[in-house]
Every structure is written in structure tokens, then in C-alpha cells.
There are 2 protein chains.
Amino acid sequence: MTPVPAPAALPTEVTVVNVGLPLFADAVRAQGRPVEQLDWRIPANGDPQLLAALTVLLGREAARVDAANAEVFRRLDTGVPFWTAVATAGDVLPGLDGRTLLHCGPAIEWPDVADPLRRSMRAATVAEGWAADVAEADGLLRAGGVRLAPANLHAAVLPMATALGPSMPVVVVENEAGGTRAYSALNQGPGDVAWFGRETDAAIARLRFLRDVAGPLLAGAVAQAGPVDVLGLAAQGLAMGDDVHMRTQASTNLLIRHLLPQLVAADRPAAVEFARFLSADHLFFLNLAMAAAKSLTLWAEQVTDSSIVTTMARNGTTFGVGLAGSPTWFLAEAPEIGAALYNPGLGPDSGARDIGDSAVLELVGLGGAAAAGSPAVAAFLGGTMADALAVTENMADICHGPSSRFRLPTLDLRGTPVGVDARLVAKLGVTPKVNTGILHVSDGTGQVGAGVATAPLRCFTDAVLDLARRLR
Amino acid sequence: MTPVPAPAALPTEVTVVNVGLPLFADAVRAQGRPVEQLDWRIPANGDPQLLAALTVLLGREAARVDAANAEVFRRLDTGVPFWTAVATAGDVLPGLDGRTLLHCGPAIEWPDVADPLRRSMRAATVAEGWAADVAEADGLLRAGGVRLAPANLHAAVLPMATALGPSMPVVVVENEAGGTRAYSALNQGPGDVAWFGRETDAAIARLRFLRDVAGPLLAGAVAQAGPVDVLGLAAQGLAMGDDVHMRTQASTNLLIRHLLPQLVAADRPAAVEFARFLSADHLFFLNLAMAAAKSLTLWAEQVTDSSIVTTMARNGTTFGVGLAGSPTWFLAEAPEIGAALYNPGLGPDSGARDIGDSAVLELVGLGGAAAAGSPAVAAFLGGTMADALAVTENMADICHGPSSRFRLPTLDLRGTPVGVDARLVAKLGVTPKVNTGILHVSDGTGQVGAGVATAPLRCFTDAVLDLARRLR
């Protein structure tokens, strides 16, 4: 018998995998057919200049950049910064003298300063004794009678709209392995405070309290307690639901417990006044964590040929990004803040643009990188743990690797992403997410909400083009 | 044409679902065939007497028991106990007078008292001034010169081997909705302490410190701060990785922050001495949580006809269980502690039997019920979060329902199981898991590890038989 050939078999079921634009997938789905959508985008959005740069940085020079990045990552991941002292800013900050105010973010002149930062600067000018009241302070600042300088260029980092004068106390954080030292102001607490863009008598009184009461008391407490392992506490706090940026409740409590004997033994009545303040300040640890992160980026930025971001700072007007190995910052307009939760009755119209140096935390595995571990932060990022996870995964897509010290219980103790690689940012068109508070845009009422800011892409693509030029 | 009938279709693939004994499933699996194993057991292990009782409690009288259980659950789940005061035990505990020591667990006479509890009782006898040293205390106790009484019968609960004399301070916790008031000792802290079965000079000195320094100081602090919402703090602590039994670190820190102004303002040098103690005691909150839980079980146990457990307490020799609506406790030998982590060089041989009243926490949704939320506790339960989850799921199988206040971030904010239903325990043969520390069995070296104890089944089956008799 001659075998009869089987008829050509046609599949009875057809499914579609769509790569790229979801438009096609949507059309198939509309016909009730199964479809798998693969999220693929043209690298670098097809920009020829950027593609050329990436061809260098991910091709011919990839090994050189990878080696530099590995060392930058090591420094960000393994440095152990200790809080060693509280000192007067003018005594310890390099180059902070005379009538100078340090501020967050890139360099800026008075006419361009955002409303909340202006108010904070006026309050600081009064607290420094350079003006009798905020009206006089305004005149002095407007006339250029106070020099404005970025805190980052003085080894310091300042959250939100904090302005720092030479008489104010700073925390001193030392990274012995790297030989670096970084600073931050004392956290000003909640409510009617200058770092939220307030310039009331109470906000000015708070600055004087920090200088006259809190600073000396904490200086004594930390001297007696001995150096404090800041990121050791942060790692514990992270396992207790802090992202250590928007929420530092657990870390602050761990610090309070650690310093309790010294706080109780401090001189009265300052001790009692400070205890009342500290007991109500959930964000006290924020500034310490920032100084610790800065002490690591100062070490990491000494590595050349790297594509990892070691500066990410905003002043409410511009957003600045710098890579390890280069002093140049790349600027773009500071973004508005998305996925936010506003105080009742307020909305996006009331929010100022992204402000503060606290994004330094996102560079070392905290804040947005750690969002997936924080139910409290999830409430500000959309409401569910899935929203918080998305922010962490977004960071993981563009980071060098997982932290060895910051581990997320909600992700089976996976390390948070560390080391934002500008090559990946440029290639994917995905920028870091920064957990942040939101200040009122114009009326000086202070904090109006919190949410997540998306860093502007151009800062990163410009940094990538510059690195490619430098390596060519 | 006559249609030709299709041949009888035999399945080309056979899979097996095995119900009950896994032996059969194992045999199929050994032949390389797919098999689904369904974990089914004969109800009540086939015991005819118990099956008859369950037929009453889950059949004819089910509605009556269900209604009682719903009310018991409501009381355990919704009562809001406040820490209102610190007082001297003899002044406030009903019936605590003369030479009486309260102890954990069921009533017991000296010859049967376990080694760690004997040591703690001798230390307490010396601290009370009834004996000059532990040798003299031993003689007095041996001769019946000190009355021993279960703390639970005096509205108090005591963790581990704590022994409480009338001169010692207690926390007072009030449940206003239920009109109940419960007590616990102050936590004695880590190390060389009587509640871990130590009877050294240091352990006795710690008892005196709690009485003479800590008690009066805390009495003043809580009076000034106002009533403290104990389970409100516990719920926050749970979201920060506490099971609020084996680990109370976050809850303790929240309490410290809350009381910081009062602790700093307290009289010196007591304030400084107490701050040093409190700063090192991660379990300070444990006793407060226990008193809060007891204030709820005291309310719940006023409901009759219920099958929910309102007493679960161990003295290191016997384990006692009582249901709401009945004063009778059902006893069995206290179990050894499984799934434990021991100090280096020590193992199960060194561990005493399960001890302490802290299992009251497992009755209100804390401890084992909350294990799934605690990475720190997971380390003691097998090492992985899956091990911790298994303990919580074990409790969920035998509990009335999920807590409305204790919610687990690791389980998408699911409530922890509350209200151990003895009917379900008896039917499934599954008993509660209790997170607990382990004391040395005989040499007085104190804590040697921690793990999870499995409550003995007989206490629960006896309680079920008794309830069925009462309802017949």
C-alpha cells in the first residue's frame, strides 16, 4: 500500500505576541483573541547621537565603564558612615563663611529661587541675625547681600527647602574607609517650619531652638554615646517599614532608643524641651541618613570613567545630575510631583516643583529604591503594595546591582537597587523615582502632600553624551 | 449509509488524587505518575467520645456556640485596653496579701515547680525581704512558708518564669468597654534576671531596681503622659516586624518615643538609671501587651456556651487551657519546645519545658498568630518567611476569624487569626503554636534559645468534652 500523505496541518488556535507599540496588541485584544504584549522600546528612543554614545559606552568602552562602575558600586554599597559629632556649620564646612546661605540643588540666583526656598532663606537670614525681620531679609537677599551656594559643593546635603547659615548646627558623618566626611542640618521637625517653606515667627524660633538648644545637647549626647552606625540603623529601619526617605519613623525610634541614656542625662531644661521636640519628629533620622549617603557619594565620585550617578539634587527650579569622576552637573527643569497624595482640599495646582538634596538617598538604595518594603509609603504612591513595588522595580531596571545591606522582607530579603547607571537610564528612557514631600507653590503654608517625583531624562542623556565624549 | 459507531474512548492520560494517608500518593509518585495529595484526616482522629461531643457542638448546638463565639471574638477583637497606671502589686491585685508569690500557669505546689521557676521564686522571696539569701529562701519555700498562687486567678499574667511578690510594681491596664482591669509585672530585661530562671545577686538587685527605681518613675511618667493605647502601639509594631511576643522591638521603641518627654523630665538619678535599663530592654513592651490581652480575655470569658479559648498558660510543668464561660482549666504536661534556635553549643537537652503566661498573646492575634509578619521571628521558626507563614496559617485553621486591627503587610494586610476555637482544634487535631523563649532546664544559666511550642492536644479535647457535657 502506498501511504496516503496526511493533509497539511493548519493550527487550530492562533495567539499573538506583540513587540513594541501596544496599539497592535490592543487591536487583537479588541477582537477577543489572546495576545501577549512585550514592552520593548527602541533603545535611546532612536536618538542617533545618543545611540552613538551608547555604542561607545556599552560597546568599545564597556569594559572600562563596567570596571569603574563596579568600584563605584562597591563604595556606595559597603562604606560604613558613622555619625561622630554635631558642630557649628561655619566652623566645619569647607568654605562656609561670611554672609552665606547654603541651599539644596544646583547653584541658583535669587531671581530664580522658588517661592518655598525664598521663604526658608528669609527665615534663615533673620535667624542668623542679618536682618530684623523677613521684610528686611527680603531686601537684603534681593540686593545680593547674602551669598547663595549649593550645599552639595560644601560636602553637605539639605532636605526640602532647608537653608543653612554659618551659625546653625550640622551633623558630621564620617566614612572612614573612604576618608570622606559629609554634613547635614538638623531636621526641623513637622508643622510650621522653614524647611517646608514657612517664614513665620514660629519657623524662625524653631531655627533658633535648633541652634541654641538642640545642637549643643546633641553634640554632648553623641560625644558621650560614641559614633553611631547610621546605615546600620537605616537597614534595621528598612526592615521595619521605612523607605528611609519619606518615612523614617522606625529608624528615628531606633536612634531615640540608642541615645536614650544620653538624652535623659543632658542638662535641663534643654533636655526636656528637646525631648518634646524629638518625640514629635518622625523625620529626625532623615538628615542623618542623607549625610551618610553623601559621605558615600563623595567617596564614589572619586572614581573616573563611571556612568553611575553620584549627584542628584533639586532646588525647586532646576534638577541636577552628576556622574562619578566628573565635576559637571547636567541640568533640567525640576519636575512636578506625580502619584501624590495631597492634604484634604488641595491638589496638584498647589504643589511646588521637586525640591531638596534628599534624592541622594535614592543613589544608595533607599527612598524610591526601597519603596517596596514600606506599606506607609505605598499609601503615597498609589495606595497598594503593588504600586510601591513598581517604584522599586523601576529603580532595579536602571541600577548596577542589589544592596548587600538594605534588604526587603516583602521581597524575601532581596537587596534594594543601588547605583543608578546613566547608560541604562538613557537606553531605556527610564529615570529614577524619588520619594518626596510636596510644598505649597506660592502661599507659604508649608507641606501640602507627598508623592514620587520622576527625574527628568535630559540630565541623564546629557551626562551620557558627556561621558562618551570624555572616553572617546 | 449507516453511521459507524465510534470506538469506546479510553483516556490517554490518568492522574491520581489521593485523599488521606500520603502512603498511596507516594507509591504513585514512585512510578513517575502525577498525583495530587489532599491532606485529609479523620475528624477528631476517630475518637468516638470526641466525635459525639463535636456532633453536639458542630451540629445540634452549633448555632448556640457560634453566637457565643461571635461575641467572644468581638470582645477579643475590638476592646481597646489602655495602660493607665503603675502600682504596687499588693495594693491593687485582688487577694494578693501576706507571704504570697504569684506565678505563671496553672496552680502548682513547690515539689512540682520546674527548676527555672524555683530559682525565680527564691530570688523573689529574697527581694521581698522574707529571706536573707537564696538558701534561706529555699528552706522557706520548701517548708510551705510562702503561698504560691497562679497570677491568672488574680487578673494578672506573668511572662516566662516571672514570680511576683506583693511589694513589686505592676502595670495596670484597663479595658473600659468591658469594665475589666488586668495586670502584669514590669519586664525585667535581658541577661542575668529572675524571669529567665536566674537567682544571682544581680538578678535580685534587678528586682529591687524595678521596685525602688523603675516602678515609681514609670508611675509618674504614665500619670503625666496620660493613658497609653497599648494595642494601638502593638498594631503599629506588628506592621514593623514585631510578632509582639518573641519580638517587641518596634513596639518598645514606639513606647519609648511616646514617653520620651516624661522619661527625660523624671527625677534624677533614677531617670538616668532607668534610661540605661530601658534602652537595653527590647522586650519591655511584652508585659504591657500581655496585660492588655488579659484585660480582653477577662471580658471575653464572661460569655457562656463558647468554645473559644480564653486561658492558655504554662508553669513549666503543666499546660492549662480554659474556655470562655467556664472556670475549669484542663491540664496536660507542658510541652518541650520545637523548631527552636539555641545559643551556640546548646541544644534541646538544655531546654526547660514551655513556661509563662505569655501565650495569652496568641489568643488575641499576636505571637504565633502574627509570625508571618516578622522576619526576625522567622529566624527562630526554621529560618525562612515560609516557616513563619506556616505558623500563622496553622493558627488561621483553628481560629474564629481575622483581626480587624492586627494586619500583616507581608500578607497584603490580612488580619492575624483571633479566637482559638477548641472545636476546630479537636476536629483537626491541630493545636496553637506559641512563640516563646527557652530557659535552661536545670543549671540556672537563664535563656538558652527561643522557638515555637505546640500546645498539647488533650487540654483542648478535654475542654470540648466538658463543653458538650455542659450543653447537653
# chains A, B, ... in the order shown; residues from 1 in each chain; ligands from 1
$ interface_residues --of "chain B" --to "chain A" --cutoff "6 Å" --atoms "only C-alpha atoms" --output "list in words"
Met240, Gly241, Asn253, Arg257, Leu260, Pro261, Val264, Ala265, Val272, Ala275, Arg276, Ser279 and Thr410 of chain B
$ select_by_dssp --residues "region 226-359 of chain B" --states "strand (DSSP E)" --output "PyMOL selection string"
chain B and resi 228-229+309-315+318-323+330-333+337-342+355-356
$ write_last_selection --atoms "N, CA and C atoms" --output "PDB file, in the first residue's frame"
ATOM      1  N   VAL B 228      -2.155  55.127  77.819  1.00  0.00           N
ATOM      2  CA  VAL B 228      -1.472  54.713  76.591  1.00  0.00           C
ATOM      3  C   VAL B 228      -2.278  53.591  75.931  1.00  0.00           C
ATOM      4  N   ASP B 229      -2.613  53.759  74.660  1.00  0.00           N
ATOM      5  CA  ASP B 229      -3.355  52.762  73.875  1.00  0.00           C
ATOM      6  C   ASP B 229      -2.398  51.619  73.516  1.00  0.00           C
ATOM      7  N   VAL B 309     -11.039  29.637  73.359  1.00  0.00           N
ATOM      8  CA  VAL B 309     -10.087  29.556  74.465  1.00  0.00           C
ATOM      9  C   VAL B 309      -9.811  30.956  75.011  1.00  0.00           C
ATOM     10  N   THR B 310      -9.975  31.147  76.320  1.00  0.00           N
ATOM     11  CA  THR B 310      -9.659  32.437  76.930  1.00  0.00           C
ATOM     12  C   THR B 310      -8.545  32.320  77.968  1.00  0.00           C
ATOM     13  N   THR B 311      -8.105  31.102  78.245  1.00  0.00           N
ATOM     14  CA  THR B 311      -6.921  30.925  79.082  1.00  0.00           C
ATOM     15  C   THR B 311      -6.000  29.908  78.428  1.00  0.00           C
ATOM     16  N   MET B 312      -4.730  30.258  78.337  1.00  0.00           N
ATOM     17  CA  MET B 312      -3.730  29.319  77.838  1.00  0.00           C
ATOM     18  C   MET B 312      -2.450  29.716  78.559  1.00  0.00           C
ATOM     19  N   ALA B 313      -2.043  28.902  79.537  1.00  0.00           N
ATOM     20  CA  ALA B 313      -0.949  29.317  80.409  1.00  0.00           C
ATOM     21  C   ALA B 313      -0.138  28.110  80.850  1.00  0.00           C
ATOM     22  N   ARG B 314       1.172  28.326  81.025  1.00  0.00           N
ATOM     23  CA  ARG B 314       2.067  27.213  81.355  1.00  0.00           C
ATOM     24  C   ARG B 314       2.961  27.616  82.524  1.00  0.00           C
ATOM     25  N   ASN B 315       3.263  26.657  83.379  1.00  0.00           N
ATOM     26  CA  ASN B 315       4.160  26.964  84.503  1.00  0.00           C
ATOM     27  C   ASN B 315       5.484  26.210  84.409  1.00  0.00           C
ATOM     28  N   THR B 318       3.047  22.093  83.968  1.00  0.00           N
ATOM     29  CA  THR B 318       1.762  21.797  83.331  1.00  0.00           C
ATOM     30  C   THR B 318       1.344  22.937  82.404  1.00  0.00           C
ATOM     31  N   PHE B 319       0.479  22.551  81.469  1.00  0.00           N
ATOM     32  CA  PHE B 319      -0.076  23.479  80.481  1.00  0.00           C
ATOM     33  C   PHE B 319      -1.564  23.506  80.731  1.00  0.00           C
ATOM     34  N   GLY B 320      -2.151  24.688  80.878  1.00  0.00           N
ATOM     35  CA  GLY B 320      -3.573  24.772  81.190  1.00  0.00           C
ATOM     36  C   GLY B 320      -4.341  25.554  80.149  1.00  0.00           C
ATOM     37  N   VAL B 321      -5.549  25.054  79.858  1.00  0.00           N
ATOM     38  CA  VAL B 321      -6.416  25.694  78.879  1.00  0.00           C
ATOM     39  C   VAL B 321      -7.804  25.850  79.489  1.00  0.00           C
ATOM     40  N   GLY B 322      -8.394  27.024  79.301  1.00  0.00           N
ATOM     41  CA  GLY B 322      -9.768  27.236  79.741  1.00  0.00           C
ATOM     42  C   GLY B 322     -10.584  27.898  78.654  1.00  0.00           C
ATOM     43  N   LEU B 323     -11.889  27.558  78.597  1.00  0.00           N
ATOM     44  CA  LEU B 323     -12.784  28.173  77.616  1.00  0.00           C
ATOM     45  C   LEU B 323     -13.576  29.308  78.259  1.00  0.00           C
ATOM     46  N   PHE B 330      -8.179  22.848  81.920  1.00  0.00           N
ATOM     47  CA  PHE B 330      -7.849  21.475  81.539  1.00  0.00           C
ATOM     48  C   PHE B 330      -6.351  21.383  81.342  1.00  0.00           C
ATOM     49  N   LEU B 331      -5.753  20.415  82.020  1.00  0.00           N
ATOM     50  CA  LEU B 331      -4.298  20.380  82.132  1.00  0.00           C
ATOM     51  C   LEU B 331      -3.671  19.228  81.359  1.00  0.00           C
ATOM     52  N   ALA B 332      -2.440  19.462  80.947  1.00  0.00           N
ATOM     53  CA  ALA B 332      -1.604  18.384  80.403  1.00  0.00           C
ATOM     54  C   ALA B 332      -0.165  18.754  80.745  1.00  0.00           C
ATOM     55  N   GLU B 333       0.737  17.833  80.505  1.00  0.00           N
ATOM     56  CA  GLU B 333       2.145  18.136  80.746  1.00  0.00           C
ATOM     57  C   GLU B 333       2.577  19.268  79.810  1.00  0.00           C
ATOM     58  N   ILE B 337       9.918  22.440  73.582  1.00  0.00           N
ATOM     59  CA  ILE B 337       9.778  23.485  72.565  1.00  0.00           C
ATOM     60  C   ILE B 337      10.496  23.075  71.286  1.00  0.00           C
ATOM     61  N   GLY B 338       9.730  23.035  70.191  1.00  0.00           N
ATOM     62  CA  GLY B 338      10.291  22.608  68.914  1.00  0.00           C
ATOM     63  C   GLY B 338      10.679  23.785  68.049  1.00  0.00           C
ATOM     64  N   ALA B 339      11.157  23.486  66.837  1.00  0.00           N
ATOM     65  CA  ALA B 339      11.538  24.497  65.831  1.00  0.00           C
ATOM     66  C   ALA B 339      12.300  25.636  66.485  1.00  0.00           C
ATOM     67  N   ALA B 340      13.276  25.278  67.315  1.00  0.00           N
ATOM     68  CA  ALA B 340      13.931  26.280  68.151  1.00  0.00           C
ATOM     69  C   ALA B 340      15.341  26.586  67.663  1.00  0.00           C
ATOM     70  N   LEU B 341      15.808  27.744  68.041  1.00  0.00           N
ATOM     71  CA  LEU B 341      17.187  28.136  67.795  1.00  0.00           C
ATOM     72  C   LEU B 341      17.836  28.289  69.166  1.00  0.00           C
ATOM     73  N   TYR B 342      18.907  27.526  69.385  1.00  0.00           N
ATOM     74  CA  TYR B 342      19.564  27.552  70.694  1.00  0.00           C
ATOM     75  C   TYR B 342      20.841  28.387  70.636  1.00  0.00           C
ATOM     76  N   ILE B 355       7.006  27.524  79.364  1.00  0.00           N
ATOM     77  CA  ILE B 355       6.679  28.224  80.607  1.00  0.00           C
ATOM     78  C   ILE B 355       6.218  29.646  80.342  1.00  0.00           C
ATOM     79  N   GLY B 356       5.272  30.107  81.182  1.00  0.00           N
ATOM     80  CA  GLY B 356       4.866  31.504  81.141  1.00  0.00           C
ATOM     81  C   GLY B 356       3.428  31.708  80.706  1.00  0.00           C
TER      82      GLY B 356
END
$ atom_distance --atom1 "CA of Ser442 (chain B)" --atom2 "CA of Leu117 (chain B)"
10.3 Å
$ closest_residue --among "B:Ala132, B:Met160, B:Val65, B:Val35" --to "Ile308 (chain B)" --atoms "only C-alpha atoms"
B:Val65
$ residues_around --residues "Ala371 (chain B)" --least-positions-apart "3" --cutoff "6 Å" --atoms "only C-alpha atoms" --output "PyMOL selection string"
chain B and resi 243+368+374+388+392
$ write_last_selection --atoms "C-alpha atoms" --output "mmCIF file, in the first residue's frame"
data_model
loop_
_atom_site.group_PDB
_atom_site.id
_atom_site.type_symbol
_atom_site.label_atom_id
_atom_site.label_comp_id
_atom_site.auth_asym_id
_atom_site.auth_seq_id
_atom_site.Cartn_x
_atom_site.Cartn_y
_atom_site.Cartn_z
ATOM 1 C CA ASP B 243 5.073 39.432 66.425
ATOM 2 C CA GLY B 368 2.383 32.773 66.663
ATOM 3 C CA SER B 374 8.176 39.040 61.392
ATOM 4 C CA ALA B 388 6.811 31.868 59.816
ATOM 5 C CA THR B 392 0.281 31.840 61.171
#
$ select_by_dssp --residues "region 178-410 of chain B" --states "helix (DSSP H, G or I)" --output "PyMOL selection string"
chain B and resi 178+194-196+201-225+230-239+249-265+270-279+284-300+348-350+358-363+367-373+375-378+385-398+409-410
$ residues_around --residues "Asn152 (chain B)" --least-positions-apart "5" --cutoff "8 Å" --atoms "only C-alpha atoms" --output "ChimeraX atom specification"
/B:104-105,157,357
$ residues_around --residues "Leu424 (chain A)" --least-positions-apart "6" --cutoff "10 Å" --atoms "only C-alpha atoms" --output "PyMOL selection string"
chain A and resi 43-44+54+58+307-308+397-400+430-431+460-461+464
$ residues_around --residues "Arg74 (chain B)" --least-positions-apart "5" --cutoff "12 Å" --atoms "only C-alpha atoms" --output "MDAnalysis selection string"
chainID B and resid 67:69 79:80 177:178 296:297 299:301 303 308 364 400:405 418:419
$ closest_residue --among "A:Thr304, A:Thr436, A:Asn394, A:Thr180" --to "Gly367 (chain A)" --atoms "only C-alpha atoms"
A:Thr436
$ atom_distance --atom1 "CA of Val222 (chain A)" --atom2 "CA of Glu362 (chain A)"
26.5 Å
